[in-house]
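Have a look at the structure below before the remarks.
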Amino acid sequence: MKNYFSIQDIDSLKDWVEEAIEMKKNPLSDKTLGVDKTIGLLFFNPSLRTRLSTQKAALNLGMNVMVMNFTGEGWSLEYGDGTVMDQRNSEHVKEAAQVVSQYCDVLAIRAFAKLENREEDYSEKVLKNFMKYATIPVVNMESATGHPLQALTDAITITEHKKTDKPKVVLSWAPHPKALPQAVANSFVKMMQQMDAHFVITHPMGFELASEITKEVPIDYNQENAFKDADFIYVKNWSSYNDYGKTLPNDLSWKITEQKMNITNDAKFMHCLPVRRNVVVDDAVLDSENSIVIEQSNNRTYAAQLILKKILESK
C-alpha cells in the first residue's frame with residue numbers, strides 16, 4: 001500500500017477489521033517490522049488521540065517517531081504552482097515534501113478544513129500536494145474532508161460490540177458552539193457503506209452532507225424516529241455543506257439525552273472525542289455503561305498500527 005488517504009484505500013474492510021482485532025491481542029507481535037524505520041508526524045492542527053495513538057502504534061512496530069507542529073514550529077507553506085512567493089509563505093511544499101522524505105520512511109499528516117472556501121477544502125491541497133511531491137508513503141491523520149483512521153477505528157469498535165450480524169447504526173448530528181468540518185462524518189458514512197448494517201443519518205434540515213458521499217443512505221430529519229431500535233448511536237457535529245462552514249440555527253434540542261437513548265435498542269453510544277459535555281451529549285449518557293467512547297479511543301492505536309504494518313510490509 002503506497003498511501004492511506006481515504007477509506008477507499010482499504011481493499012477488504014472485513015479482513016482489515018479482523019486483522020486489527022487479532023493484532024489487539026498481541027500488539028508487539030510485529031515489533032521488529034519497523035526497526036530502523038522512521039515515521040514523521042506533521043501536525044497543522046491540534047491533536048490528542050491521533051498524535052498519541054499513532055505514536056504508540058509506530059512504537060509497537062519498533063519504529064522511530066519524529067513529530068513536528070506546523071502551528072508554531074514549521075515554516076508557512078505555499079501550495080500553488082507558479083506562485084511568486086513575495087508574501088507570508090516561506091517555503092513551497094515541493095521542497096518541504098521532498099526534504100522530509102529524506103528523513104523519514106513514512107509520513108503522516110493532520111490538516112483540517114478552514115471552512116472558508118468549500119472548493120479549496122475539498123481539493124485537499126495539503127494532503128494531495130504532500131502525496132504528489134513526497135517520495136515516501138503518506139498517511140491521512142485527518143484532512144479537510146476525511147478522517148479515515150477514525151473511520152477504521154469505528155469499524156473495529158462496532159464489530160467488537162455488535163450483538164447481531166446486521167445492527168442498526170445511526171449517525172446523528174448534535175449541536176456545537178462553533179462550526180466544525182465534515183471530515184469525521186464523511187469518512188464514517190463511507191465506512192458504513194462498506195459494512196453490513198442498517199445505516200441511517202439524522203440531522204436538522206440544512207445540515208446535509210455532500211450528496212456524492214451520502215449517495216442512497218436514508219436521511220431522517222426526525223432524530224427520535226431515527227433512534228428507534230438503533231444498536232449504535234454515533235454522534236458528531238458538522239457545519240453546513242451547502243451553506244459552507246455555517247452552523248445555521250444551532251438547534252440545542254438535538255443534544256443527546258438519556259431519554260433519547262431509551263428509545264433505542266439499548267444502543268451503544270459512540271463519539272470520536274473530544275466532546276462538549278452537556279452541549280453535544282448529557283453527562284448521564286456519556287458516563288453510562290452503554291458509552292464506549294473510551295474503548296473507541298483505545299482502538300485508534302490498532303487502526304493506525306494496522307495501516308503502518310501494511311505500509312511497512314509493502315515497502
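Here, A, B, ... name the chains of the C-alpha cells in the order displayed, residue numbers run from 1 inside each chain, and ligands are numbered from 1 in the same displayed order.
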Checklist line | Distance query A:Glu116 at most 10 Å, only C-alpha atoms, self and fewer than 6 positions along chain excluded, as a list in words | finding: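 Everything that qualifies: Tyr244, Gly245 and Lys246 of chain A.
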List as a CSV table (one decimal) with N, CA, C and O atoms, in the first residue's frame the protein and nucleic acid residues near A:Ser47, meaning an atom at most 12 Å away when only C-alpha atoms are counted, but skip any in the same chain fewer than 2 places from it.
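Generated output (result_18.csv):
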chain,number,residue,atom,x,y,z
A,41,LEU,N,5.5,12.7,11.9
A,41,LEU,CA,4.2,13.1,12.1
A,41,LEU,C,4.1,14.7,12.0
A,41,LEU,O,4.7,15.4,12.8
A,42,LEU,N,3.4,15.2,11.0
A,42,LEU,CA,3.3,16.6,10.8
A,42,LEU,C,1.9,17.1,11.2
A,42,LEU,O,0.9,16.6,10.6
A,43,PHE,N,1.8,18.0,12.1
A,43,PHE,CA,0.5,18.5,12.6
A,43,PHE,C,0.3,20.0,12.3
A,43,PHE,O,1.1,20.8,12.7
A,44,PHE,N,-0.7,20.2,11.4
A,44,PHE,CA,-1.1,21.6,11.1
A,44,PHE,C,-2.2,22.0,12.0
A,44,PHE,O,-2.7,23.2,12.0
A,45,ASN,N,-2.7,21.1,12.9
A,45,ASN,CA,-3.8,21.4,13.8
A,45,ASN,C,-3.6,20.6,15.1
A,45,ASN,O,-2.9,19.6,15.1
A,49,ARG,N,-5.7,12.2,20.7
A,49,ARG,CA,-5.8,10.8,20.4
A,49,ARG,C,-5.0,10.5,19.2
A,49,ARG,O,-4.3,9.5,19.1
A,50,THR,N,-5.1,11.3,18.1
A,50,THR,CA,-4.5,11.0,16.9
A,50,THR,C,-3.0,11.0,17.0
A,50,THR,O,-2.3,10.1,16.6
A,51,ARG,N,-2.4,12.0,17.7
A,51,ARG,CA,-1.0,12.0,17.9
A,51,ARG,C,-0.5,10.9,18.7
A,51,ARG,O,0.4,10.1,18.4
A,52,LEU,N,-1.1,10.7,19.9
A,52,LEU,CA,-0.6,9.7,20.8
A,52,LEU,C,-0.8,8.3,20.3
A,52,LEU,O,0.1,7.4,20.5
A,53,SER,N,-2.0,8.0,19.7
A,53,SER,CA,-2.2,6.6,19.3
A,53,SER,C,-1.4,6.3,18.1
A,53,SER,O,-0.9,5.1,17.9
A,54,THR,N,-1.1,7.3,17.2
A,54,THR,CA,-0.2,7.0,16.1
A,54,THR,C,1.2,6.8,16.5
A,54,THR,O,1.9,5.9,16.0
A,55,GLN,N,1.7,7.6,17.5
A,55,GLN,CA,3.0,7.3,18.1
A,55,GLN,C,3.1,6.0,18.7
A,55,GLN,O,4.1,5.2,18.5
A,67,VAL,N,8.1,14.2,15.5
A,67,VAL,CA,6.9,15.0,15.5
A,67,VAL,C,7.2,16.4,15.2
A,67,VAL,O,8.1,17.0,15.8
A,68,MET,N,6.4,17.1,14.4
A,68,MET,CA,6.6,18.5,14.1
A,68,MET,C,5.2,19.2,14.1
A,68,MET,O,4.3,18.7,13.4
A,69,ASN,N,5.0,20.2,14.8
A,69,ASN,CA,3.8,21.0,14.8
A,69,ASN,C,4.0,22.3,14.0
A,69,ASN,O,4.7,23.2,14.4
A,71,THR,N,1.9,24.5,13.6
A,71,THR,CA,1.2,25.7,14.2
A,71,THR,C,2.2,26.6,14.8
A,71,THR,O,1.9,27.8,14.9
A,109,ILE,N,0.1,13.0,8.2
A,109,ILE,CA,-0.2,14.5,8.2
A,109,ILE,C,-1.6,14.7,8.7
A,109,ILE,O,-2.5,14.0,8.4
A,110,ARG,N,-1.8,15.8,9.5
A,110,ARG,CA,-3.1,16.2,10.0
A,110,ARG,C,-3.3,17.6,9.6
A,110,ARG,O,-2.5,18.5,10.0
A,111,ALA,N,-4.3,17.9,8.8
A,111,ALA,CA,-4.6,19.3,8.3
A,111,ALA,C,-6.1,19.5,8.1
A,111,ALA,O,-6.6,18.9,7.2
A,112,PHE,N,-6.7,20.3,9.0
A,112,PHE,CA,-8.1,20.4,9.0
A,112,PHE,C,-8.6,21.4,7.9
A,112,PHE,O,-7.8,22.1,7.3
A,141,MET,N,-4.0,11.6,8.8
A,141,MET,CA,-4.4,11.6,10.2
A,141,MET,C,-5.5,12.6,10.4
A,141,MET,O,-5.8,13.0,11.6
A,142,GLU,N,-6.2,12.9,9.5
A,142,GLU,CA,-7.4,13.8,9.3
A,142,GLU,C,-7.1,15.0,8.4
A,142,GLU,O,-6.2,15.8,8.7
A,273,LEU,N,-14.5,12.0,20.1
A,273,LEU,CA,-13.8,12.8,21.1
A,273,LEU,C,-12.8,13.8,20.4
A,273,LEU,O,-12.3,13.5,19.3
A,274,PRO,N,-12.6,15.0,21.0
A,274,PRO,CA,-13.2,15.5,22.2
A,274,PRO,C,-14.7,15.8,22.1
A,274,PRO,O,-15.1,16.1,21.0
Margin query: Excluding A:Tyr302 and its own-chain neighbours fewer than 4 positions away, which residues fall within 8 Å of it when counting only C-alpha atoms? Please give them as a VMD selection string.
Written below: chain A and resid 20 to 21 23 to 24 27 57 153 298 306
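Residues lying within 10 Å of A:Asp165, counting only C-alpha atoms and ignoring same-chain neighbours fewer than 4 positions away, are Thr159, Asp196 and Ala197 of chain A.
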Let me see the file: selected residues, all heavy atoms, as an mmCIF file, in the first residue's frame.
data_model
loop_
_atom_site.group_PDB
_atom_site.id
_atom_site.type_symbol
_atom_site.label_atom_id
_atom_site.label_comp_id
_atom_site.auth_asym_id
_atom_site.auth_seq_id
_atom_site.Cartn_x
_atom_site.Cartn_y
_atom_site.Cartn_z
ATOM 1 N N THR A 159 -17.709 -3.684 15.242
ATOM 2 C CA THR A 159 -17.580 -5.135 15.073
ATOM 3 C C THR A 159 -17.402 -5.826 16.418
ATOM 4 O O THR A 159 -17.997 -6.892 16.662
ATOM 5 C CB THR A 159 -16.397 -5.466 14.147
ATOM 6 O OG1 THR A 159 -16.619 -4.850 12.865
ATOM 7 C CG2 THR A 159 -16.237 -6.967 13.972
ATOM 8 N N ASP A 196 -21.992 -4.349 6.755
ATOM 9 C CA ASP A 196 -23.319 -4.951 6.695
ATOM 10 C C ASP A 196 -24.125 -4.425 7.879
ATOM 11 O O ASP A 196 -24.013 -4.925 8.995
ATOM 12 C CB ASP A 196 -23.209 -6.476 6.749
ATOM 13 C CG ASP A 196 -24.533 -7.159 6.415
ATOM 14 O OD1 ASP A 196 -25.441 -6.472 5.911
ATOM 15 O OD2 ASP A 196 -24.651 -8.378 6.663
ATOM 16 N N ALA A 197 -24.901 -3.380 7.632
ATOM 17 C CA ALA A 197 -25.647 -2.735 8.717
ATOM 18 C C ALA A 197 -26.824 -1.968 8.139
ATOM 19 O O ALA A 197 -26.847 -1.594 6.960
ATOM 20 C CB ALA A 197 -24.752 -1.781 9.496
#
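Each of A:Thr264, A:Gln182, A:Asn225, A:Gln259 was compared to A:Ala113 using only C-alpha atoms, and A:Gln182 turns out to be the nearest.
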Notebook entry, point to check: Between atom CA of A:Lys236 and atom CA of A:His271, what is the spacing in Å?
Noted result: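 Result for atom CA of A:His271 versus atom CA of A:Lys236: 6.6 Å, one decimal.
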Mind running stretch 176-247 of chain A against stretch 287-297 of chain A at 12 Å and telling me each contacting residue's nearest atom pair with the distance in Å (one decimal), counting only C-alpha atoms, chain and number ascending, as JSON lines?
{"residue": "A:Asp231", "atom": "CA", "partner": "A:Asn290", "partner_atom": "CA", "distance": 10.4}
{"residue": "A:Phe232", "atom": "CA", "partner": "A:Asn290", "partner_atom": "CA", "distance": 9.5}
{"residue": "A:Ile233", "atom": "CA", "partner": "A:Ser291", "partner_atom": "CA", "distance": 9.6}
{"residue": "A:Tyr234", "atom": "CA", "partner": "A:Val293", "partner_atom": "CA", "distance": 9.8}
{"residue": "A:Val235", "atom": "CA", "partner": "A:Val293", "partner_atom": "CA", "distance": 10.6}
Margin query: List the spatial neighbours of stretch 8-15 of chain A as number ranges by chain - criterion: any atom at most 12 Å away, only C-alpha atoms, same-chain residues fewer than 2 positions off excluded.
Written below: A: 1-6, 17-22, 138-140, 146-149, 151-156, 158-159, 187-196, 213, 303, 306-307, 310-311
Next item on the list: Quick one: everything within 12 Å of A:Leu115, counting only C-alpha atoms, minus sequence neighbours fewer than 2 positions away in the same chain. Send it as JSON, numbers by chain.
Entry: {"A": [112, 113, 117, 118, 119, 120, 121, 122, 144, 145, 178, 179, 180, 181, 182, 183, 238, 239, 240, 241, 242, 243, 244, 245, 246, 247]}
Next item on the list: Using DSSP on the backbone coordinates, identify the residues of stretch 154-285 of chain A assigned to strand (DSSP E or B); present them as a list in words.
Entry: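 The strand (DSSP E or B) subset of stretch 154-285 of chain A is Lys168, Val169, Val170, Leu171, Ser172, His198, Phe199, Val200, Ile201, Thr202, Ile219, Asp220, Phe232, Ile233, Tyr234, Val235, Ile256, Lys268, Phe269, Met270, Arg277 and Val281 of chain A.
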Next item on the list: Show which residues sit within 10 Å of stretch 174-176 of chain A, as a PyMOL selection string. Count only C-alpha atoms, and ignore same-chain residues fewer than 2 positions away.
Entry: chain A and resi 171-172+178-180+202-204+223+235-239+247+249-256+275-276+279-281
Note to self: Just the number, please: distance in Å from atom CA of A:Asn60 to atom CA of A:Val100, one decimal.
What the structure shows: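 These atoms are spaced 22.5 Å apart.
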Check: Of the candidates A:Gly40, A:Pro167, A:Pro46, A:Gly80, which shows the shortest atom-to-atom distance to A:Cys104, using only C-alpha atoms?
Finding: A:Gly40
Considering only C-alpha atoms, tabulate each residue of stretch 16-110 of chain A that lies at most 8 Å from stretch 126-136 of chain A along with its nearest interatomic pair and the corresponding distance in Å to one decimal; arrange the rows by chain and ascending residue number and present them as a tab-separated table.
residue	atom	partner	partner_atom	distance
A:Tyr79	CA	A:Asn129	CA	7.1
A:Val93	CA	A:Phe130	CA	6.8
A:Lys94	CA	A:Tyr133	CA	5.7
A:Ala97	CA	A:Ala134	CA	4.7
A:Gln98	CA	A:Ala134	CA	5.1
A:Val100	CA	A:Ala134	CA	7.7
A:Ser101	CA	A:Thr135	CA	5.7
A:Cys104	CA	A:Ile136	CA	7.7
A:Asp105	CA	A:Ile136	CA	6.0
A:Val106	CA	A:Ile136	CA	5.7
A:Leu107	CA	A:Ile136	CA	6.9
A:Ile109	CA	A:Leu127	CA	7.1
Next item on the list: Could you find all residues in stretch 83-271 of chain A that DSSP calls alpha helix (DSSP H) from the backbone, and write them as a PyMOL selection string?
Entry: chain A and resi 93-103+118-122+125-133+148-161+183-192+211-214+223-227+258-261
